[in-house]
Structures are given as structure tokens and as C-alpha cells.
$ cat my_file_20.csv   # CSV, C-alpha atoms
chain,number,residue,atom,x,y,z
L,1,MET,CA,10.2,-14.6,18.8
L,2,SER,CA,11.8,-11.2,19.3
L,3,TRP,CA,12.8,-9.0,16.4
L,4,GLN,CA,15.9,-6.9,15.7
L,5,VAL,CA,15.2,-3.4,14.4
L,6,GLU,CA,17.4,-3.0,11.3
L,7,PRO,CA,18.5,0.1,9.3
L,8,ALA,CA,16.3,0.8,6.3
L,9,ASP,CA,17.6,-0.5,3.0
L,10,THR,CA,19.3,-3.5,4.6
L,11,TYR,CA,20.1,-5.9,1.8
L,12,ARG,CA,19.5,-9.6,2.4
L,13,ARG,CA,20.8,-12.2,0.1
L,14,PRO,CA,18.4,-15.1,-0.3
L,15,GLU,CA,20.6,-17.4,1.8
L,16,GLU,CA,20.4,-14.8,4.7
L,17,ARG,CA,16.6,-14.7,4.8
L,18,PRO,CA,14.7,-16.9,7.3
L,19,THR,CA,14.1,-20.4,5.8
L,20,ARG,CA,11.0,-21.0,7.9
L,21,ARG,CA,7.8,-18.9,7.6
L,22,ILE,CA,7.7,-16.1,10.1
L,23,GLU,CA,4.6,-16.3,12.3
L,24,GLY,CA,5.0,-13.2,14.4
L,25,PHE,CA,7.0,-11.4,17.0
L,26,ALA,CA,6.8,-9.2,20.1
L,27,VAL,CA,7.7,-5.6,19.4
L,28,ALA,CA,7.7,-4.0,22.8
L,29,GLY,CA,5.4,-2.5,25.4
L,30,GLY,CA,2.3,-4.6,24.7
L,31,VAL,CA,2.6,-4.6,20.9
L,32,TRP,CA,2.5,-7.9,18.9
L,33,ALA,CA,3.0,-8.4,15.2
L,34,THR,CA,1.4,-11.3,13.4
L,35,ALA,CA,2.6,-12.3,9.9
L,36,VAL,CA,-0.5,-13.0,7.9
L,37,PRO,CA,0.2,-15.0,4.7
L,38,PHE,CA,-1.1,-13.9,1.3
L,39,PRO,CA,-0.4,-15.0,-2.3
L,40,SER,CA,2.4,-12.6,-3.3
L,41,PRO,CA,6.2,-12.6,-3.5
L,42,LEU,CA,6.1,-10.6,-0.3
L,43,ALA,CA,4.6,-13.7,1.3
L,44,TYR,CA,2.8,-12.0,4.3
L,45,SER,CA,1.6,-8.7,5.6
L,46,TYR,CA,1.7,-7.7,9.3
L,47,SER,CA,-1.2,-7.3,11.6
L,48,TYR,CA,-0.3,-5.4,14.7
L,49,ALA,CA,-2.2,-5.9,18.0
L,50,LEU,CA,-1.8,-3.0,20.5
L,51,ARG,CA,-3.0,-3.4,24.0
L,52,TYR,CA,-4.7,-0.5,25.8
L,53,PRO,CA,-6.5,-0.4,29.2
L,54,ASP,CA,-9.9,-0.8,27.4
L,55,GLY,CA,-8.8,-3.7,25.2
L,56,ILE,CA,-6.9,-4.4,22.0
L,57,VAL,CA,-6.8,-2.2,18.9
L,58,VAL,CA,-5.6,-3.9,15.8
L,59,VAL,CA,-3.8,-2.1,13.0
L,60,ASP,CA,-4.4,-3.9,9.6
L,61,LEU,CA,-5.8,-7.4,9.2
L,62,GLY,CA,-4.6,-9.4,6.3
L,63,TRP,CA,-5.8,-11.3,3.3
L,64,ASP,CA,-9.1,-13.1,3.3
L,65,SER,CA,-8.4,-16.8,3.4
L,66,ASP,CA,-8.8,-19.6,5.9
L,67,GLU,CA,-5.1,-19.8,6.3
L,68,ALA,CA,-4.8,-16.1,6.9
L,69,TRP,CA,-7.6,-16.1,9.5
L,70,GLN,CA,-6.0,-19.0,11.3
L,71,ALA,CA,-2.7,-17.1,11.4
L,72,PHE,CA,-4.4,-14.0,12.7
L,73,VAL,CA,-6.2,-15.8,15.5
L,74,ALA,CA,-3.1,-17.7,16.4
L,75,GLY,CA,-1.1,-14.5,16.5
L,76,LEU,CA,-3.5,-13.0,19.1
L,77,ALA,CA,-3.2,-16.2,21.2
L,78,ARG,CA,0.6,-15.9,21.1
L,79,ALA,CA,0.2,-12.3,22.3
L,80,GLY,CA,-1.8,-13.7,25.2
L,81,ALA,CA,-5.1,-12.3,23.8
L,82,CYS,CA,-8.3,-13.6,22.2
L,83,LEU,CA,-10.8,-12.2,19.7
L,84,ASP,CA,-13.2,-11.0,22.5
L,85,GLU,CA,-10.5,-8.5,23.6
L,86,VAL,CA,-10.4,-6.8,20.2
L,87,LYS,CA,-12.4,-3.6,20.6
L,88,GLY,CA,-11.4,-1.9,17.4
L,89,VAL,CA,-9.6,-2.3,14.1
L,90,VAL,CA,-7.9,0.5,12.1
L,91,VAL,CA,-6.6,0.0,8.6
L,92,THR,CA,-3.7,1.9,6.9
L,93,HIS,CA,-5.5,1.3,3.6
L,94,ALA,CA,-8.2,-1.0,2.1
L,95,HIS,CA,-6.1,-3.2,-0.2
L,96,PRO,CA,-7.1,-6.9,0.2
L,97,ASP,CA,-3.8,-7.8,2.0
L,98,HIS,CA,-4.5,-5.3,4.7
L,99,TYR,CA,-8.3,-5.2,4.9
L,100,GLY,CA,-9.4,-8.6,3.5
L,101,LEU,CA,-10.3,-10.2,6.9
L,102,ALA,CA,-12.7,-7.3,7.8
L,103,SER,CA,-15.8,-9.5,7.1
L,104,ARG,CA,-14.5,-12.2,9.4
L,105,ILE,CA,-13.8,-9.7,12.1
L,106,ARG,CA,-17.3,-8.4,11.8
L,107,GLU,CA,-18.7,-11.9,12.0
L,108,HIS,CA,-16.7,-13.1,15.0
L,109,THR,CA,-16.3,-9.9,17.1
L,110,SER,CA,-18.2,-6.8,18.1
L,111,ALA,CA,-15.1,-4.6,17.2
L,112,TRP,CA,-15.6,-1.4,15.2
L,113,ILE,CA,-13.6,-0.9,12.0
L,114,GLY,CA,-12.1,2.4,11.1
L,115,ALA,CA,-10.5,3.8,7.9
L,116,HIS,CA,-10.0,7.1,6.2
L,117,PRO,CA,-13.0,8.1,4.0
L,118,GLY,CA,-10.6,8.3,1.0
L,119,GLU,CA,-10.5,4.5,1.0
L,120,ARG,CA,-14.0,4.0,-0.3
L,121,ALA,CA,-12.7,3.6,-3.8
L,122,GLN,CA,-10.9,0.5,-2.7
L,123,ILE,CA,-14.0,-1.2,-1.3
L,124,ARG,CA,-16.3,-3.2,-3.5
L,125,VAL,CA,-19.9,-2.4,-2.7
L,126,GLY,CA,-22.7,-3.6,-5.0
L,127,GLU,CA,-22.6,-5.3,-8.4
L,128,ALA,CA,-23.7,-2.1,-10.2
L,129,GLU,CA,-20.8,-0.1,-8.9
L,130,ARG,CA,-18.5,-3.1,-9.6
L,131,GLY,CA,-19.6,-3.2,-13.2
L,132,ASP,CA,-18.9,0.6,-13.6
L,133,ARG,CA,-15.4,0.2,-12.1
L,134,LEU,CA,-14.5,-2.7,-14.4
L,135,ALA,CA,-15.6,-0.8,-17.4
L,136,GLU,CA,-13.5,2.2,-16.4
L,137,ILE,CA,-10.5,-0.1,-16.0
L,138,ALA,CA,-11.0,-1.6,-19.4
L,139,ASP,CA,-11.1,1.9,-20.9
L,140,TRP,CA,-7.9,2.8,-18.9
L,141,LEU,CA,-6.0,-0.2,-20.4
L,142,ARG,CA,-6.9,1.0,-23.9
L,143,GLU,CA,-5.8,4.6,-23.0
L,144,CYS,CA,-2.5,3.2,-21.9
L,145,GLY,CA,-2.0,1.7,-25.3
L,146,VAL,CA,-2.0,-2.0,-24.3
L,147,PRO,CA,-1.9,-4.1,-27.4
L,148,ARG,CA,-5.2,-5.6,-28.4
L,149,SER,CA,-3.7,-9.1,-28.1
L,150,LEU,CA,-3.1,-8.6,-24.3
L,151,LEU,CA,-6.2,-6.6,-23.4
L,152,ALA,CA,-8.3,-9.7,-22.6
L,153,GLU,CA,-5.6,-11.2,-20.4
L,154,LEU,CA,-5.0,-8.0,-18.4
L,155,ASP,CA,-8.7,-7.4,-18.1
L,156,GLY,CA,-9.2,-10.9,-16.8
L,157,GLU,CA,-6.6,-10.4,-14.1
L,158,LEU,CA,-8.2,-7.2,-13.0
L,159,ARG,CA,-11.6,-8.9,-12.8
L,160,ALA,CA,-10.1,-11.6,-10.6
L,161,LEU,CA,-8.5,-9.0,-8.4
L,162,ASP,CA,-11.7,-7.1,-8.1
L,163,SER,CA,-13.5,-10.2,-6.9
L,164,VAL,CA,-11.3,-10.3,-3.7
L,165,LEU,CA,-11.7,-6.6,-2.9
L,166,PRO,CA,-13.2,-6.2,0.6
L,167,SER,CA,-16.9,-5.3,0.7
L,168,VAL,CA,-17.2,-4.3,4.3
L,169,GLU,CA,-18.0,-0.6,5.0
L,170,PRO,CA,-16.0,0.9,7.9
L,171,ASP,CA,-18.0,2.0,11.0
L,172,VAL,CA,-15.7,4.8,12.0
L,173,GLU,CA,-14.1,7.5,9.8
L,174,LEU,CA,-10.5,8.2,10.8
L,175,HIS,CA,-9.0,11.7,10.1
L,176,ASP,CA,-5.5,13.2,10.3
L,177,GLY,CA,-4.5,14.1,13.8
L,178,VAL,CA,-7.7,12.9,15.5
L,179,PRO,CA,-6.7,10.1,18.0
L,180,VAL,CA,-8.1,6.7,17.5
L,181,PRO,CA,-11.0,5.8,19.9
L,182,GLY,CA,-10.1,3.5,22.8
L,183,THR,CA,-6.4,4.4,22.8
L,184,GLY,CA,-6.4,7.2,25.4
L,185,GLY,CA,-5.1,9.6,22.7
L,186,ALA,CA,-1.9,7.6,22.2
L,187,LEU,CA,-2.6,6.3,18.6
L,188,VAL,CA,-2.9,9.1,16.1
L,189,PRO,CA,-3.6,8.8,12.3
L,190,VAL,CA,-1.3,10.6,9.9
L,191,HIS,CA,-2.8,11.0,6.4
L,192,THR,CA,-0.3,9.9,3.9
L,193,PRO,CA,-2.0,9.7,0.4
L,194,GLY,CA,0.0,8.4,-2.5
L,195,HIS,CA,-0.1,4.6,-2.4
L,196,THR,CA,-3.9,5.1,-2.0
L,197,ALA,CA,-5.9,8.3,-1.6
L,198,GLY,CA,-6.9,7.5,2.0
L,199,HIS,CA,-3.7,5.8,3.2
L,200,LEU,CA,-2.9,6.4,6.9
L,201,CYS,CA,0.2,5.9,9.0
L,202,PHE,CA,-0.3,5.7,12.7
L,203,ARG,CA,1.9,7.4,15.3
L,204,GLU,CA,2.0,5.7,18.7
L,205,ARG,CA,3.0,8.5,20.9
L,206,GLU,CA,3.5,6.7,24.2
L,207,ARG,CA,5.5,3.8,22.7
L,208,ASN,CA,7.5,5.9,20.2
L,209,MET,CA,6.4,3.9,17.2
L,210,LEU,CA,5.3,4.7,13.7
L,211,LEU,CA,3.2,2.2,11.8
L,212,THR,CA,3.5,2.9,8.1
L,213,GLY,CA,1.4,0.4,6.2
L,214,ASP,CA,2.6,0.4,2.6
L,215,HIS,CA,3.6,4.1,2.6
L,216,ILE,CA,7.2,3.3,3.6
L,217,LEU,CA,8.8,-0.2,3.5
L,218,PRO,CA,12.4,-0.9,4.4
L,219,LYS,CA,13.4,-2.4,1.0
L,220,VAL,CA,10.6,-2.5,-1.5
L,221,THR,CA,9.5,0.7,-3.3
L,222,PRO,CA,5.7,1.1,-2.7
L,223,ASN,CA,3.6,1.2,-5.8
L,224,VAL,CA,2.3,4.6,-6.6
L,225,ALA,CA,-0.3,4.2,-9.3
L,226,ARG,CA,-2.5,6.4,-11.5
L,227,ARG,CA,-5.6,4.5,-12.6
L,228,PRO,CA,-9.4,4.7,-12.2
L,229,GLY,CA,-10.3,5.6,-8.7
L,230,SER,CA,-6.9,7.2,-7.8
L,231,ASP,CA,-6.2,10.8,-7.2
L,232,PRO,CA,-5.3,12.7,-10.4
L,233,ASP,CA,-1.6,13.2,-9.4
L,234,PRO,CA,-0.8,10.4,-6.9
L,235,LEU,CA,3.0,10.8,-7.2
L,236,ARG,CA,2.6,14.5,-6.1
L,237,ASP,CA,0.6,13.3,-3.1
L,238,PHE,CA,3.1,10.5,-2.3
L,239,LEU,CA,6.1,12.8,-2.3
L,240,ALA,CA,4.4,15.4,-0.1
L,241,SER,CA,3.5,12.5,2.3
L,242,LEU,CA,7.1,11.4,2.4
L,243,ALA,CA,8.1,15.0,3.4
L,244,ARG,CA,5.5,14.9,6.2
L,245,LEU,CA,7.2,12.0,7.9
L,246,HIS,CA,10.4,13.9,8.6
L,247,ARG,CA,8.8,15.3,11.7
L,248,PHE,CA,8.7,11.8,13.2
L,249,ALA,CA,12.5,11.4,13.0
L,250,ASP,CA,13.0,11.2,16.7
L,251,PRO,CA,15.9,9.1,17.9
L,252,GLY,CA,14.7,5.7,18.9
L,253,THR,CA,11.5,5.7,16.9
L,254,VAL,CA,10.7,2.2,15.7
L,255,VAL,CA,9.1,2.0,12.3
L,256,LEU,CA,6.6,-0.9,11.9
L,257,PRO,CA,5.8,-1.4,8.2
L,258,GLY,CA,3.1,-3.5,6.5
L,259,HIS,CA,5.6,-5.9,5.0
L,260,GLU,CA,9.3,-7.0,5.3
L,261,TRP,CA,10.7,-6.0,8.7
L,262,PRO,CA,10.8,-3.2,11.4
L,263,PHE,CA,13.5,-0.5,10.8
L,264,ASP,CA,14.7,2.8,12.1
L,265,SER,CA,15.4,6.2,10.5
L,266,VAL,CA,12.2,7.0,8.7
L,267,SER,CA,13.8,10.2,7.4
L,268,HIS,CA,16.6,8.3,5.7
L,269,ARG,CA,14.2,5.9,4.0
L,270,ALA,CA,12.0,8.8,2.9
L,271,ASP,CA,15.0,10.5,1.3
L,272,VAL,CA,16.0,7.3,-0.5
L,273,LEU,CA,12.4,6.9,-1.9
L,274,ARG,CA,12.4,10.6,-3.0
L,275,ARG,CA,15.7,10.1,-4.9
L,276,HIS,CA,14.3,6.9,-6.5
L,277,HIS,CA,11.3,8.8,-7.9
L,278,ASP,CA,13.5,11.7,-9.0
L,279,ASP,CA,15.6,9.2,-11.0
L,280,ARG,CA,12.5,7.5,-12.4
L,281,LEU,CA,11.0,10.9,-13.5
L,282,ALA,CA,14.2,11.6,-15.4
L,283,GLU,CA,14.1,8.2,-17.0
L,284,VAL,CA,10.5,8.6,-18.0
L,285,GLU,CA,11.1,12.0,-19.5
L,286,SER,CA,14.1,10.7,-21.5
L,287,ALA,CA,11.9,7.9,-22.9
L,288,VAL,CA,9.3,10.4,-24.0
L,289,ALA,CA,12.0,12.5,-25.6
L,290,ARG,CA,13.1,9.4,-27.6
L,291,GLY,CA,9.6,9.1,-29.0
L,292,CYS,CA,7.9,6.7,-26.6
L,293,GLY,CA,4.4,8.2,-26.5
L,294,THR,CA,2.0,5.8,-24.8
L,295,VAL,CA,2.1,4.5,-21.2
L,296,TRP,CA,2.7,1.1,-22.7
L,297,GLU,CA,5.7,2.2,-24.7
L,298,VAL,CA,7.2,4.2,-21.8
L,299,ALA,CA,6.8,1.3,-19.4
L,300,GLN,CA,8.7,-1.0,-21.7
L,301,ALA,CA,11.5,1.6,-22.1
L,302,VAL,CA,12.3,2.2,-18.4
L,303,SER,CA,14.2,-0.1,-16.1
L,304,TRP,CA,12.5,-2.6,-13.7
L,305,ALA,CA,13.8,-5.2,-11.3
L,306,ARG,CA,13.3,-7.7,-14.1
L,307,ASP,CA,12.5,-7.6,-17.8
L,308,PHE,CA,9.1,-6.1,-18.6
L,309,SER,CA,8.3,-8.9,-21.0
L,310,ALA,CA,8.6,-11.4,-18.2
L,311,PHE,CA,6.0,-9.7,-16.0
L,312,THR,CA,2.9,-11.5,-14.9
L,313,PRO,CA,-0.4,-9.7,-15.8
L,314,ARG,CA,-0.6,-8.3,-12.2
L,315,SER,CA,3.0,-7.0,-12.3
L,316,MET,CA,2.4,-5.5,-15.8
L,317,ARG,CA,-0.7,-3.7,-14.6
L,318,SER,CA,1.2,-2.3,-11.6
L,319,ALA,CA,4.0,-1.2,-13.9
L,320,LEU,CA,1.6,0.6,-16.3
L,321,ALA,CA,-0.1,2.4,-13.4
L,322,GLU,CA,3.2,3.5,-11.9
L,323,THR,CA,4.5,4.7,-15.3
L,324,SER,CA,1.2,6.6,-15.7
L,325,ALA,CA,1.7,8.3,-12.3
L,326,HIS,CA,5.2,9.5,-13.3
L,327,LEU,CA,4.0,10.7,-16.7
L,328,MET,CA,1.2,12.7,-15.0
L,329,ARG,CA,3.7,14.3,-12.5
L,330,LEU,CA,5.9,15.4,-15.4
L,331,GLY,CA,2.8,16.7,-17.2
L,332,GLU,CA,1.6,18.7,-14.2
L,333,GLY,CA,5.1,20.1,-13.9
L,334,GLY,CA,5.1,21.3,-17.5
L,335,ARG,CA,7.8,19.0,-18.7
L,336,ILE,CA,5.7,17.0,-21.1
L,337,ARG,CA,2.2,17.3,-22.5
L,338,ARG,CA,-0.7,14.9,-23.1
L,339,SER,CA,-3.1,14.4,-26.0
L,340,GLY,CA,-6.3,12.5,-25.2
L,341,GLY,CA,-7.7,9.5,-26.9
L,342,GLN,CA,-7.2,5.8,-26.9
L,343,PRO,CA,-4.4,5.5,-26.6
L,344,GLU,CA,-3.4,8.8,-25.0
L,345,ARG,CA,0.0,10.1,-26.1
L,346,TRP,CA,2.7,12.1,-24.4
L,347,THR,CA,5.2,14.4,-26.0
L,348,VAL,CA,7.9,16.7,-24.7
L,349,ALA,CA,6.6,20.2,-24.0
L,350,ALA,CA,7.9,23.1,-26.0
L,351,ARG,CA,10.3,25.3,-24.0

$ encode --input "my_file_20.csv" --output "C-alpha cells"
Amino acid sequence: MSWQVEPADTYRRPEERPTRRIEGFAVAGGVWATAVPFPSPLAYSYSYALRYPDGIVVVDLGWDSDEAWQAFVAGLARAGACLDEVKGVVVTHAHPDHYGLASRIREHTSAWIGAHPGERAQIRVGEAERGDRLAEIADWLRECGVPRSLLAELDGELRALDSVLPSVEPDVELHDGVPVPGTGGALVPVHTPGHTAGHLCFRERERNMLLTGDHILPKVTPNVARRPGSDPDPLRDFLASLARLHRFADPGTVVLPGHEWPFDSVSHRADVLRRHHDDRLAEVESAVARGCGTVWEVAQAVSWARDFSAFTPRSMRSALAETSAHLMRLGEGGRIRRSGGQPERWTVAAR
């Protein structure tokens, strides 16, 4: 299957979307994308196989399930490759839908696995550390002002999510601007913190491609979250990372995201996302000015794609973390101020 590169922000009505599940597609020049299924409205994430003289380097893996593993292996076969040809794996970030298959890769191949060192917070290692992290998350929910009646439900959802976090330590540390091993200098990491602290995009210089993981998607706005384990001001990091990508605005650059579809004009999409966050910051500040003081209260006051009260526990957690990130950005900018405690409260700063 071939794929048409589309402009960012292309709107697809439900009747225009493919009715069959996408399995994968050839991009160009020895690059193959495999759609790896996972349990989410997004339906799948992309794993990209890039062929080099020394073998195949894979960018992102996918969710850890038998179905996902079968899709990954079948995708390699459709690309005319096999597991033995995979020499290395690099991940944009260590969320389960991008890194979950790491343990199976380690079991079935001799490939090395590379990630930015900032991703360690996303990797579950040891029960003691897991217990500490879950306790921090429970405290964070109380700081957000989540009603007591919902704390157990949200805490249970977070424990279930933690149980599927990858537990495989990478072999290779990847750093901004240092070419990926085995690619002849063609594949270069670009550090783009925001979605996670160690998120990487990858510039493929010989093929004029930019693989963006979850940093930039063509339609969905990536989640930028402040919660335990994140950087103190993740929205600041995300916006700075968007600005960095303007230097990859060469005509003809193909953008290969972690979800949805390939697109062009990374600069245009970065500008759209910047405006979205500017609007959301104004909306959050207005909610605080009206007397919404906790993260929970502000999250209910701002606009979402659907009503906040209809959110699943997972969507509610994401909304709280994103709202918290916007509150912190406003606080760091001197627009609002925070008082600690459980819950913490925000008020408009005196001017």
C-alpha cells in the first residue's frame, strides 16, 4: 500500500476514513511504516523500519500484546525483511504504545535499543521504585483537588497503566545531534522535550524525512502534562521544541508522525499548535480570574473536545495533567500564583 502525504490539519469526516484497518505502507527509499494496534481511540501507532547498508534500524515499536507483535513482524515481512536484519531500535519516547515491544525485541533479536536518558522516568524498573511512583501519583491527584469520591477510581486507572509500562533498560543513550549508530550518519536525533522529558524526533538527512513521534501529529494535539516524573514546566519545554523544528522546513520534507498519517509543512503545524496553546493559556487564566482555584476546577471550566463529565478515568487524568501544565506556565510567567497544600490553589497575581 502506498500513502499520500497530506497537508497538516486535514479534516477527515468519519465516512472519509478507511473502513479497514491500516496494516502499513511504503514511504520511500527503503522506509516502511507498520501500523501496530493498541487499545486507544487512535487505534494504532507507527513503527518505521529504515534500511541501511548494515541492516535495519527501527524507529518506535508499539504496544506490548500478541496482536501488536504479530503486526510488527508481519510489517517487516511486507517490507521484505525479517527480525534477524534488525540491528538497532531507537524510540522517540518510552510510552507503552511506542516502547512496549522492547522486551520481545530483546528476546527475539540481538538488536540494541536506544533512547534519550530523560526517558528513564517512563520505564518501570523494580517494585520498590514502582511503589514510590504510585504514592507520588496519589499525592498528585489530591493536590489537583480531585474529589474524594473519584480518587480511588483514578488511582486504580493509574495503577493499571503503570502495570504496562515497559521495564527494559535501553542499551544506548541517544543525544541531540549525535547520529544514530549503524546509519552512516544519516539518522540524527533532535531533542524535543515536552510530551516527555526525553522525547526525540529523528531527522533522516539523506531521505529528507522527519520522524516526529508524538511531538507533532497532523490532527491531534499532543498531550503536554505536568505530573510526577515530568519536568517542572513541560509546556515551556514543548513550545521551545516546536520552535526548534522550524529549521526543518525544507520544501519536500516528509513528516512521519507516531500516529494518524504522514504530512508536509512541519512549520505550519508547529504554528497551529503554538496558537492552540496560546488560546488555552488565555482560557485557563480566565478560569482562574473567575475563581476556579484548583486544577480540578479549572479543568472543568475550560473547553475540551467533549464534555469533561463524560471523560473516562484515563482521559480525565490526561486533562488534569494538561491543565496543570498550563497553570504552571502561567505561574512561571507571573500571571498567576500558587499556594501549596492538598489541594494546591491558584489565584491571579497582583499587578

$ residues_around --input "my_file_20.csv" --residues "Arg329 in chain L" --least-positions-apart "3" --cutoff "8 Å" --atoms "all atoms listed in the file" --output "list in words"
Asp233, Leu235, Arg236, Ala325, His326, Glu332 and Gly333 of chain L

$ atom_distance --input "my_file_20.csv" --atom1 "CA of Ile113 in chain L" --atom2 "CA of Phe72 in chain L"
16.0 Å

$ residues_around --input "my_file_20.csv" --residues "Leu42 in chain L" --least-positions-apart "4" --cutoff "12 Å" --atoms "only C-alpha atoms" --output "ChimeraX atom specification"
/L:21-22,35-38,46,97,214,217,219-220,222,258-261

$ residues_around --input "my_file_20.csv" --residues "Thr192 in chain L" --least-positions-apart "5" --cutoff "6 Å" --atoms "all atoms listed in the file" --output "JSON list (two decimals) with C-alpha atoms, in the coordinates of the input"
[["chain", "number", "residue", "atom", "x", "y", "z"],
["L", 199, "HIS", "CA", -3.70, 5.80, 3.20],
["L", 200, "LEU", "CA", -2.90, 6.40, 6.90],
["L", 241, "SER", "CA", 3.50, 12.50, 2.30]]

$ residues_around --input "my_file_20.csv" --residues "Ala319 in chain L" --least-positions-apart "5" --cutoff "10 Å" --atoms "all atoms listed in the file" --output "MDAnalysis selection string"
chainID L and resid 223:225 295:296 299:300 304 308 311 313:314 324:325

$ write_last_selection --input "my_file_20.csv" --atoms "C-alpha atoms" --output "tab-separated table (two decimals), in the frame of the given file"
chain	number	residue	atom	x	y	z
L	223	ASN	CA	3.60	1.20	-5.80
L	224	VAL	CA	2.30	4.60	-6.60
L	225	ALA	CA	-0.30	4.20	-9.30
L	295	VAL	CA	2.10	4.50	-21.20
L	296	TRP	CA	2.70	1.10	-22.70
L	299	ALA	CA	6.80	1.30	-19.40
L	300	GLN	CA	8.70	-1.00	-21.70
L	304	TRP	CA	12.50	-2.60	-13.70
L	308	PHE	CA	9.10	-6.10	-18.60
L	311	PHE	CA	6.00	-9.70	-16.00
L	313	PRO	CA	-0.40	-9.70	-15.80
L	314	ARG	CA	-0.60	-8.30	-12.20
L	324	SER	CA	1.20	6.60	-15.70
L	325	ALA	CA	1.70	8.30	-12.30

$ closest_residue --input "my_file_20.csv" --among "L:Arg226, L:Arg280, L:His195, L:Arg203" --to "Arg247 in chain L" --atoms "only C-alpha atoms"
L:Arg203

$ closest_residue --input "my_file_20.csv" --among "L:Met328, L:Ala197, L:Val146, L:Ala350" --to "Arg120 in chain L" --atoms "all atoms listed in the file"
L:Ala197

$ atom_distance --input "my_file_20.csv" --atom1 "CA of Glu157 in chain L" --atom2 "CA of Gly229 in chain L"
17.3 Å

$ atom_distance --input "my_file_20.csv" --atom1 "CA of Glu169 in chain L" --atom2 "CA of Glu67 in chain L"
23.2 Å

$ closest_residue --input "my_file_20.csv" --among "L:Trp69, L:Phe248, L:Trp63, L:Trp112" --to "Gly88 in chain L" --atoms "all atoms listed in the file"
L:Trp112

$ residues_around --input "my_file_20.csv" --residues "Asn208 in chain L" --least-positions-apart "4" --cutoff "10 Å" --atoms "all atoms listed in the file" --output "PyMOL selection string"
chain L and resi 186+203-204+248+250-255

$ closest_residue --input "my_file_20.csv" --among "L:Cys201, L:Tyr99, L:Asp84, L:Glu322" --to "Thr221 in chain L" --atoms "all atoms listed in the file"
L:Glu322

$ closest_residue --input "my_file_20.csv" --among "L:Met209, L:Ala43, L:Leu165, L:Ala321" --to "Gly100 in chain L" --atoms "only C-alpha atoms"
L:Leu165

$ closest_residue --input "my_file_20.csv" --among "L:Leu61, L:Leu256, L:Leu50, L:Ala121" --to "Ala81 in chain L" --atoms "only C-alpha atoms"
L:Leu50
